[in-house]
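Pasted below: input.cif, mmCIF, C-alpha atoms.
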data_target
#
loop_
_atom_site.group_PDB
_atom_site.id
_atom_site.type_symbol
_atom_site.label_atom_id
_atom_site.label_comp_id
_atom_site.auth_asym_id
_atom_site.auth_seq_id
_atom_site.Cartn_x
_atom_site.Cartn_y
_atom_site.Cartn_z
ATOM 1 C CA MET D 1320 102.381 109.024 73.092
ATOM 2 C CA PRO D 1321 103.529 107.379 76.413
ATOM 3 C CA ARG D 1322 101.418 109.890 78.374
ATOM 4 C CA CYS D 1323 98.336 108.904 76.426
ATOM 5 C CA GLU D 1324 99.020 105.193 76.961
ATOM 6 C CA SER D 1325 98.860 105.592 80.739
ATOM 7 C CA LEU D 1326 95.754 107.750 80.659
ATOM 8 C CA CYS D 1327 94.099 105.629 77.958
ATOM 9 C CA ARG D 1328 94.834 102.473 79.963
ATOM 10 C CA PHE D 1329 93.410 104.135 83.072
ATOM 11 C CA GLY D 1330 90.239 105.152 81.219
ATOM 12 C CA ALA D 1331 89.801 101.828 79.451
ATOM 13 C CA VAL D 1332 90.363 99.709 82.558
ATOM 14 C CA ALA D 1333 88.151 101.989 84.678
ATOM 15 C CA GLY D 1334 85.344 101.777 82.108
ATOM 16 C CA VAL D 1335 85.614 98.013 81.768
ATOM 17 C CA GLY D 1336 85.841 97.701 85.557
ATOM 18 C CA MET D 1337 82.651 99.697 86.071
ATOM 19 C CA LEU D 1338 80.855 97.591 83.454
ATOM 20 C CA LEU D 1339 82.056 94.375 85.107
ATOM 21 C CA VAL D 1340 81.032 95.626 88.554
ATOM 22 C CA ALA D 1341 77.555 96.415 87.227
ATOM 23 C CA CYS D 1342 77.259 92.943 85.677
ATOM 24 C CA THR D 1343 78.616 91.224 88.778
ATOM 25 C CA THR D 1344 76.316 93.173 91.083
ATOM 26 C CA THR D 1345 73.299 92.182 89.018
ATOM 27 C CA SER D 1346 74.215 88.505 88.950
ATOM 28 C CA LEU D 1347 75.025 88.403 92.671
ATOM 29 C CA GLN D 1348 71.758 90.083 93.559
ATOM 30 C CA SER D 1349 69.732 87.663 91.451
ATOM 31 C CA SER D 1350 71.433 84.532 92.803
ATOM 32 C CA GLY D 1351 71.653 85.737 96.385
ATOM 33 C CA THR D 1352 75.024 84.033 96.884
ATOM 34 C CA THR D 1353 78.597 85.194 96.822
ATOM 35 C CA LYS D 1354 81.872 83.379 96.514
ATOM 36 C CA ALA D 1355 83.464 83.876 99.908
ATOM 37 C CA THR D 1356 86.812 82.630 98.617
ATOM 38 C CA SER D 1357 87.138 84.693 95.415
ATOM 39 C CA TYR D 1358 89.618 87.117 96.988
ATOM 40 C CA ASP D 1359 91.336 84.374 98.985
ATOM 41 C CA SER D 1360 91.936 82.295 95.849
ATOM 42 C CA ALA D 1361 93.375 85.345 94.075
ATOM 43 C CA PHE D 1362 96.407 85.231 96.345
ATOM 44 C CA GLN D 1363 97.073 81.491 96.352
ATOM 45 C CA SER D 1364 99.541 81.870 93.488
ATOM 46 C CA CYS D 1365 101.404 84.815 95.072
ATOM 47 C CA ARG D 1366 105.011 84.071 95.977
ATOM 48 C CA PRO D 1367 106.333 85.522 99.229
ATOM 49 C CA ALA D 1368 109.090 88.092 98.836
ATOM 50 C CA GLU D 1369 112.659 87.438 99.822
ATOM 51 C CA PRO D 1370 113.414 88.331 103.460
ATOM 52 C CA ASP D 1371 114.334 92.025 103.810
ATOM 53 C CA GLU D 1372 113.153 92.812 100.241
ATOM 54 C CA ALA D 1373 113.537 96.585 99.832
ATOM 55 C CA VAL D 1374 110.434 97.127 97.663
ATOM 56 C CA VAL D 1375 108.040 95.734 100.284
ATOM 57 C CA GLY D 1376 106.037 98.655 101.616
ATOM 58 C CA ASN D 1377 103.472 101.314 100.891
ATOM 59 C CA TRP D 1378 104.499 103.662 98.043
ATOM 60 C CA LEU D 1379 102.896 106.936 96.923
ATOM 61 C CA SER D 1380 103.395 109.249 93.971
ATOM 62 C CA THR D 1381 101.546 112.451 93.112
ATOM 63 C CA ARG D 1382 102.149 114.207 89.814
ATOM 64 C CA LYS D 1383 100.676 116.468 87.200
ATOM 65 C CA GLU D 1384 100.661 115.483 83.550
ATOM 66 C CA PRO D 1385 100.669 117.995 80.690
ATOM 67 C CA GLY D 1386 97.194 118.220 79.183
ATOM 68 C CA VAL D 1387 95.483 116.681 82.224
ATOM 69 C CA ALA D 1388 93.440 118.966 84.480
ATOM 70 C CA GLY D 1389 94.099 117.673 87.962
ATOM 71 C CA GLU D 1390 96.532 115.581 89.947
ATOM 72 C CA ILE D 1391 97.313 111.926 89.364
ATOM 73 C CA ARG D 1392 97.915 109.938 92.531
ATOM 74 C CA LEU D 1393 99.428 106.478 92.463
ATOM 75 C CA GLN D 1394 99.654 104.193 95.477
ATOM 76 C CA ILE D 1395 101.240 100.756 95.306
ATOM 77 C CA ARG D 1396 101.144 98.566 98.406
ATOM 78 C CA LEU D 1397 103.556 95.641 98.122
ATOM 79 C CA HIS D 1398 103.154 93.071 100.891
ATOM 80 C CA ALA D 1399 105.777 90.540 102.036
ATOM 81 C CA ASP D 1400 103.392 87.667 101.197
ATOM 82 C CA GLY D 1401 103.563 88.648 97.505
ATOM 83 C CA SER D 1402 100.149 90.317 97.343
ATOM 84 C CA MET D 1403 99.691 93.862 96.091
ATOM 85 C CA HIS D 1404 97.127 96.661 95.890
ATOM 86 C CA TYR D 1405 97.490 99.219 93.096
ATOM 87 C CA VAL D 1406 95.395 102.407 93.201
ATOM 88 C CA GLU D 1407 95.536 105.123 90.557
ATOM 89 C CA GLN D 1408 93.400 108.178 91.187
ATOM 90 C CA LEU D 1409 92.672 111.326 89.191
ATOM 91 C CA LYS D 1410 91.678 114.221 91.461
ATOM 92 C CA ARG D 1411 90.166 117.327 89.865
ATOM 93 C CA GLY D 1412 89.363 120.233 92.184
ATOM 94 C CA ASN D 1413 86.237 119.673 94.279
ATOM 95 C CA LYS D 1414 84.968 116.793 92.122
ATOM 96 C CA PRO D 1415 85.040 113.230 93.475
ATOM 97 C CA PRO D 1416 88.203 111.421 92.339
ATOM 98 C CA GLN D 1417 88.112 108.859 89.541
ATOM 99 C CA THR D 1418 89.797 105.736 90.874
ATOM 100 C CA LEU D 1419 91.189 102.513 89.485
ATOM 101 C CA SER D 1420 91.764 99.922 92.224
ATOM 102 C CA GLU D 1421 93.488 96.633 91.437
ATOM 103 C CA ILE D 1422 94.644 93.761 93.614
ATOM 104 C CA GLY D 1423 96.787 90.776 92.800
ATOM 105 C CA CYS D 1424 100.361 89.555 93.128
ATOM 106 C CA TRP D 1425 103.769 91.116 92.618
ATOM 107 C CA TYR D 1426 107.299 89.874 92.162
ATOM 108 C CA LYS D 1427 110.694 91.092 90.995
ATOM 109 C CA GLU D 1428 112.146 89.866 87.742
ATOM 110 C CA ASP D 1429 115.748 90.991 87.276
ATOM 111 C CA LYS D 1430 115.528 94.766 87.891
ATOM 112 C CA ALA D 1431 111.822 95.010 87.126
ATOM 113 C CA LEU D 1432 108.774 95.131 89.378
ATOM 114 C CA VAL D 1433 105.994 92.953 87.940
ATOM 115 C CA LEU D 1434 102.374 93.507 89.028
ATOM 116 C CA ARG D 1435 99.797 90.864 88.073
ATOM 117 C CA THR D 1436 96.205 91.978 88.594
ATOM 118 C CA THR D 1437 93.596 89.399 89.612
ATOM 119 C CA HIS D 1438 90.757 91.803 90.518
ATOM 120 C CA SER D 1439 90.074 95.259 89.111
ATOM 121 C CA ASN D 1440 87.577 97.529 90.880
ATOM 122 C CA GLY D 1441 86.231 94.477 92.714
ATOM 123 C CA SER D 1442 85.768 92.197 89.700
ATOM 124 C CA GLN D 1443 87.825 89.164 88.768
ATOM 125 C CA VAL D 1444 89.825 89.626 85.553
ATOM 126 C CA GLU D 1445 91.245 87.385 82.836
ATOM 127 C CA THR D 1446 94.656 87.019 84.473
ATOM 128 C CA GLN D 1447 96.397 86.039 81.215
ATOM 129 C CA ASP D 1448 95.234 89.201 79.415
ATOM 130 C CA PRO D 1449 98.402 91.310 78.974
ATOM 131 C CA ILE D 1450 96.592 94.486 80.094
ATOM 132 C CA TYR D 1451 96.587 93.060 83.637
ATOM 133 C CA ILE D 1452 100.354 92.456 83.744
ATOM 134 C CA GLN D 1453 102.455 95.557 84.401
ATOM 135 C CA ARG D 1454 106.247 95.513 84.211
ATOM 136 C CA HIS D 1455 108.090 98.582 85.561
ATOM 137 C CA ASP D 1456 111.870 98.923 85.612
ATOM 138 C CA ILE D 1457 113.226 99.835 89.028
ATOM 139 C CA ILE D 1458 115.565 102.754 88.393
ATOM 140 C CA GLU D 1459 116.561 103.294 92.010
ATOM 141 C CA ILE D 1460 115.409 102.316 95.472
ATOM 142 C CA THR D 1461 116.362 103.837 98.804
ATOM 143 C CA LYS D 1462 115.021 103.526 102.333
ATOM 144 C CA ASN D 1463 112.398 106.248 101.732
ATOM 145 C CA GLY D 1464 112.020 106.432 97.966
ATOM 146 C CA MET D 1465 111.769 104.464 94.759
ATOM 147 C CA ALA D 1466 112.025 105.538 91.129
ATOM 148 C CA LEU D 1467 110.167 103.407 88.589
ATOM 149 C CA SER D 1468 110.028 103.624 84.825
ATOM 150 C CA ILE D 1469 106.300 103.585 84.018
ATOM 151 C CA ASN D 1470 105.443 103.760 80.315
ATOM 152 C CA GLY D 1471 108.944 105.062 79.621
ATOM 153 C CA LYS D 1472 108.655 107.898 82.129
ATOM 154 C CA GLU D 1473 110.431 108.115 85.482
ATOM 155 C CA VAL D 1474 107.953 108.187 88.380
ATOM 156 C CA LEU D 1475 109.265 109.046 91.845
ATOM 157 C CA MET D 1476 107.502 107.332 94.723
ATOM 158 C CA ARG D 1477 107.927 107.906 98.428
ATOM 159 C CA ARG D 1478 107.446 105.372 101.197
ATOM 160 C CA THR D 1479 104.418 106.089 103.379
ATOM 161 C CA SER D 1480 103.158 104.577 106.611
ATOM 162 C CA PRO D 1481 101.789 101.027 106.259
ATOM 163 C CA ASP D 1482 98.228 102.133 107.080
ATOM 164 C CA TYR D 1483 98.072 105.124 104.673
ATOM 165 C CA ARG D 1484 95.256 104.960 102.098
ATOM 166 C CA LEU D 1485 94.336 107.442 99.385
ATOM 167 C CA PRO D 1486 91.281 109.487 100.384
ATOM 168 C CA ILE D 1487 88.124 108.492 98.506
ATOM 169 C CA LEU D 1488 86.197 111.740 99.162
#

Do you think you could lay out the structure here as structure tokens?
Amino acid sequence: MPRCESLCRFGAVAGVGMLLVACTTTSLQSSGTTKATSYDSAFQSCRPAEPDEAVVGNWLSTRKEPGVAGEIRLQIRLHADGSMHYVEQLKRGNKPPQTLSEIGCWYKEDKALVLRTTHSNGSQVETQDPIYIQRHDIIEITKNGMALSINGKEVLMRRTSPDYRLPIL
């Protein structure tokens, strides 16, 4: 069941995100204006990390899940200012990847990494909705790797260069 939760969450959030993007695009086109500060205001409540915080960095995981045709890629960028970018991507052969892209804030709570999404696939979200708050236990962290418990499953992540981004292809 934990495997399904992750994939179901991915599918549900991606579907809702695409619907919200379509609605937002329509309303922005009709009004002709945009909120220049929508992304800026998303980070006003982020708390800067402690100096020398070990989880600050660019983290990448690639894995295969039983019953899923393709590779699941997860990139979490945790910035010292408390902002984060979470990208989960399903890559299947030569097909374009299906991607969930979320931004928001992060912080540590005891031995857990907490990610609070403010925007999903470019659209502002209801920040108090529990689906946009992820809590992952930090199993282990080293200079080049981190193990998180995501939906009850250990996910190994490796540190990548600060400018690395998942390919969109």

Hey, can you pull every residue with an atom no more than 12 Å from (105.4, 88.2, 92.1), using only C-alpha atoms, and send it as an MDAnalysis selection string?
chainID D and resid 1362:1369 1374:1375 1397:1403 1423:1429 1431:1436 1452:1454

Computed gap from CA of Asp1456 (chain D) to CA of Pro1486 (chain D) is 27.5 Å

Distance query region 1461-1469 of chain D at most 12 Å, all atoms listed in the file, self and fewer than 3 positions along chain excluded, as a PyMOL selection string:
chain D and resi 1321-1322+1324-1326+1371-1380+1393+1395+1430-1434+1453-1458+1472-1480

Could the residues in this selection be saved with C-alpha atoms as a PDB file, in the coordinates of the input?
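File result18.pdb, as written:
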ATOM      1  CA  PRO D1321     103.529 107.379  76.413  1.00  0.00           C
ATOM      2  CA  ARG D1322     101.418 109.890  78.374  1.00  0.00           C
ATOM      3  CA  GLU D1324      99.020 105.193  76.961  1.00  0.00           C
ATOM      4  CA  SER D1325      98.860 105.592  80.739  1.00  0.00           C
ATOM      5  CA  LEU D1326      95.754 107.750  80.659  1.00  0.00           C
ATOM      6  CA  ASP D1371     114.334  92.025 103.810  1.00  0.00           C
ATOM      7  CA  GLU D1372     113.153  92.812 100.241  1.00  0.00           C
ATOM      8  CA  ALA D1373     113.537  96.585  99.832  1.00  0.00           C
ATOM      9  CA  VAL D1374     110.434  97.127  97.663  1.00  0.00           C
ATOM     10  CA  VAL D1375     108.040  95.734 100.284  1.00  0.00           C
ATOM     11  CA  GLY D1376     106.037  98.655 101.616  1.00  0.00           C
ATOM     12  CA  ASN D1377     103.472 101.314 100.891  1.00  0.00           C
ATOM     13  CA  TRP D1378     104.499 103.662  98.043  1.00  0.00           C
ATOM     14  CA  LEU D1379     102.896 106.936  96.923  1.00  0.00           C
ATOM     15  CA  SER D1380     103.395 109.249  93.971  1.00  0.00           C
ATOM     16  CA  LEU D1393      99.428 106.478  92.463  1.00  0.00           C
ATOM     17  CA  ILE D1395     101.240 100.756  95.306  1.00  0.00           C
ATOM     18  CA  LYS D1430     115.528  94.766  87.891  1.00  0.00           C
ATOM     19  CA  ALA D1431     111.822  95.010  87.126  1.00  0.00           C
ATOM     20  CA  LEU D1432     108.774  95.131  89.378  1.00  0.00           C
ATOM     21  CA  VAL D1433     105.994  92.953  87.940  1.00  0.00           C
ATOM     22  CA  LEU D1434     102.374  93.507  89.028  1.00  0.00           C
ATOM     23  CA  GLN D1453     102.455  95.557  84.401  1.00  0.00           C
ATOM     24  CA  ARG D1454     106.247  95.513  84.211  1.00  0.00           C
ATOM     25  CA  HIS D1455     108.090  98.582  85.561  1.00  0.00           C
ATOM     26  CA  ASP D1456     111.870  98.923  85.612  1.00  0.00           C
ATOM     27  CA  ILE D1457     113.226  99.835  89.028  1.00  0.00           C
ATOM     28  CA  ILE D1458     115.565 102.754  88.393  1.00  0.00           C
ATOM     29  CA  LYS D1472     108.655 107.898  82.129  1.00  0.00           C
ATOM     30  CA  GLU D1473     110.431 108.115  85.482  1.00  0.00           C
ATOM     31  CA  VAL D1474     107.953 108.187  88.380  1.00  0.00           C
ATOM     32  CA  LEU D1475     109.265 109.046  91.845  1.00  0.00           C
ATOM     33  CA  MET D1476     107.502 107.332  94.723  1.00  0.00           C
ATOM     34  CA  ARG D1477     107.927 107.906  98.428  1.00  0.00           C
ATOM     35  CA  ARG D1478     107.446 105.372 101.197  1.00  0.00           C
ATOM     36  CA  THR D1479     104.418 106.089 103.379  1.00  0.00           C
ATOM     37  CA  SER D1480     103.158 104.577 106.611  1.00  0.00           C
TER      38      SER D1480
END

Box along x, y and z, 5 Å on every side, all listed atoms of region 1444-1459 of chain D inside: centre and edge lengths in Å to one decimal, as lines of an AutoDock Vina configuration file.
center_x = 103.2
center_y = 94.7
center_z = 85.5
size_x = 36.7
size_y = 27.3
size_z = 23.0

Could you please determine the separation between CA of Lys1383 (chain D) and CA of Gln1408 (chain D) in Å, to one decimal place?
11.7 Å

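Using all atoms listed in the file, the smallest distance between any of D:Ile1460, D:Thr1446, D:Leu1485, D:Glu1384 and Thr1418 (chain D) comes from D:Leu1485.
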
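Remark: for Glu1421 (chain D), the closest of the candidate residues D:Ile1391, D:Thr1381, D:Ser1439, D:Leu1409 is D:Ser1439 (distances computed over only C-alpha atoms).
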
With distances taken over all atoms listed in the file, which of D:Lys1410, D:Pro1415, D:Ser1420, D:Tyr1405 is nearest to Ser1442 (chain D)?
D:Ser1420

State, in Å with one decimal place, the distance from CA of Pro1449 (chain D) to CA of Arg1411 (chain D).
29.4 Å

Which one of D:Glu1445, D:Tyr1483, D:Gln1417, D:His1438 sits closest to Gly1389 (chain D) if you count only C-alpha atoms?
D:Gln1417

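Shortest separation to Arg1484 (chain D) among D:Asn1470, D:Asn1413, D:Gln1394, D:Gln1447 occurs at residue D:Gln1394, atoms counted being only C-alpha atoms.
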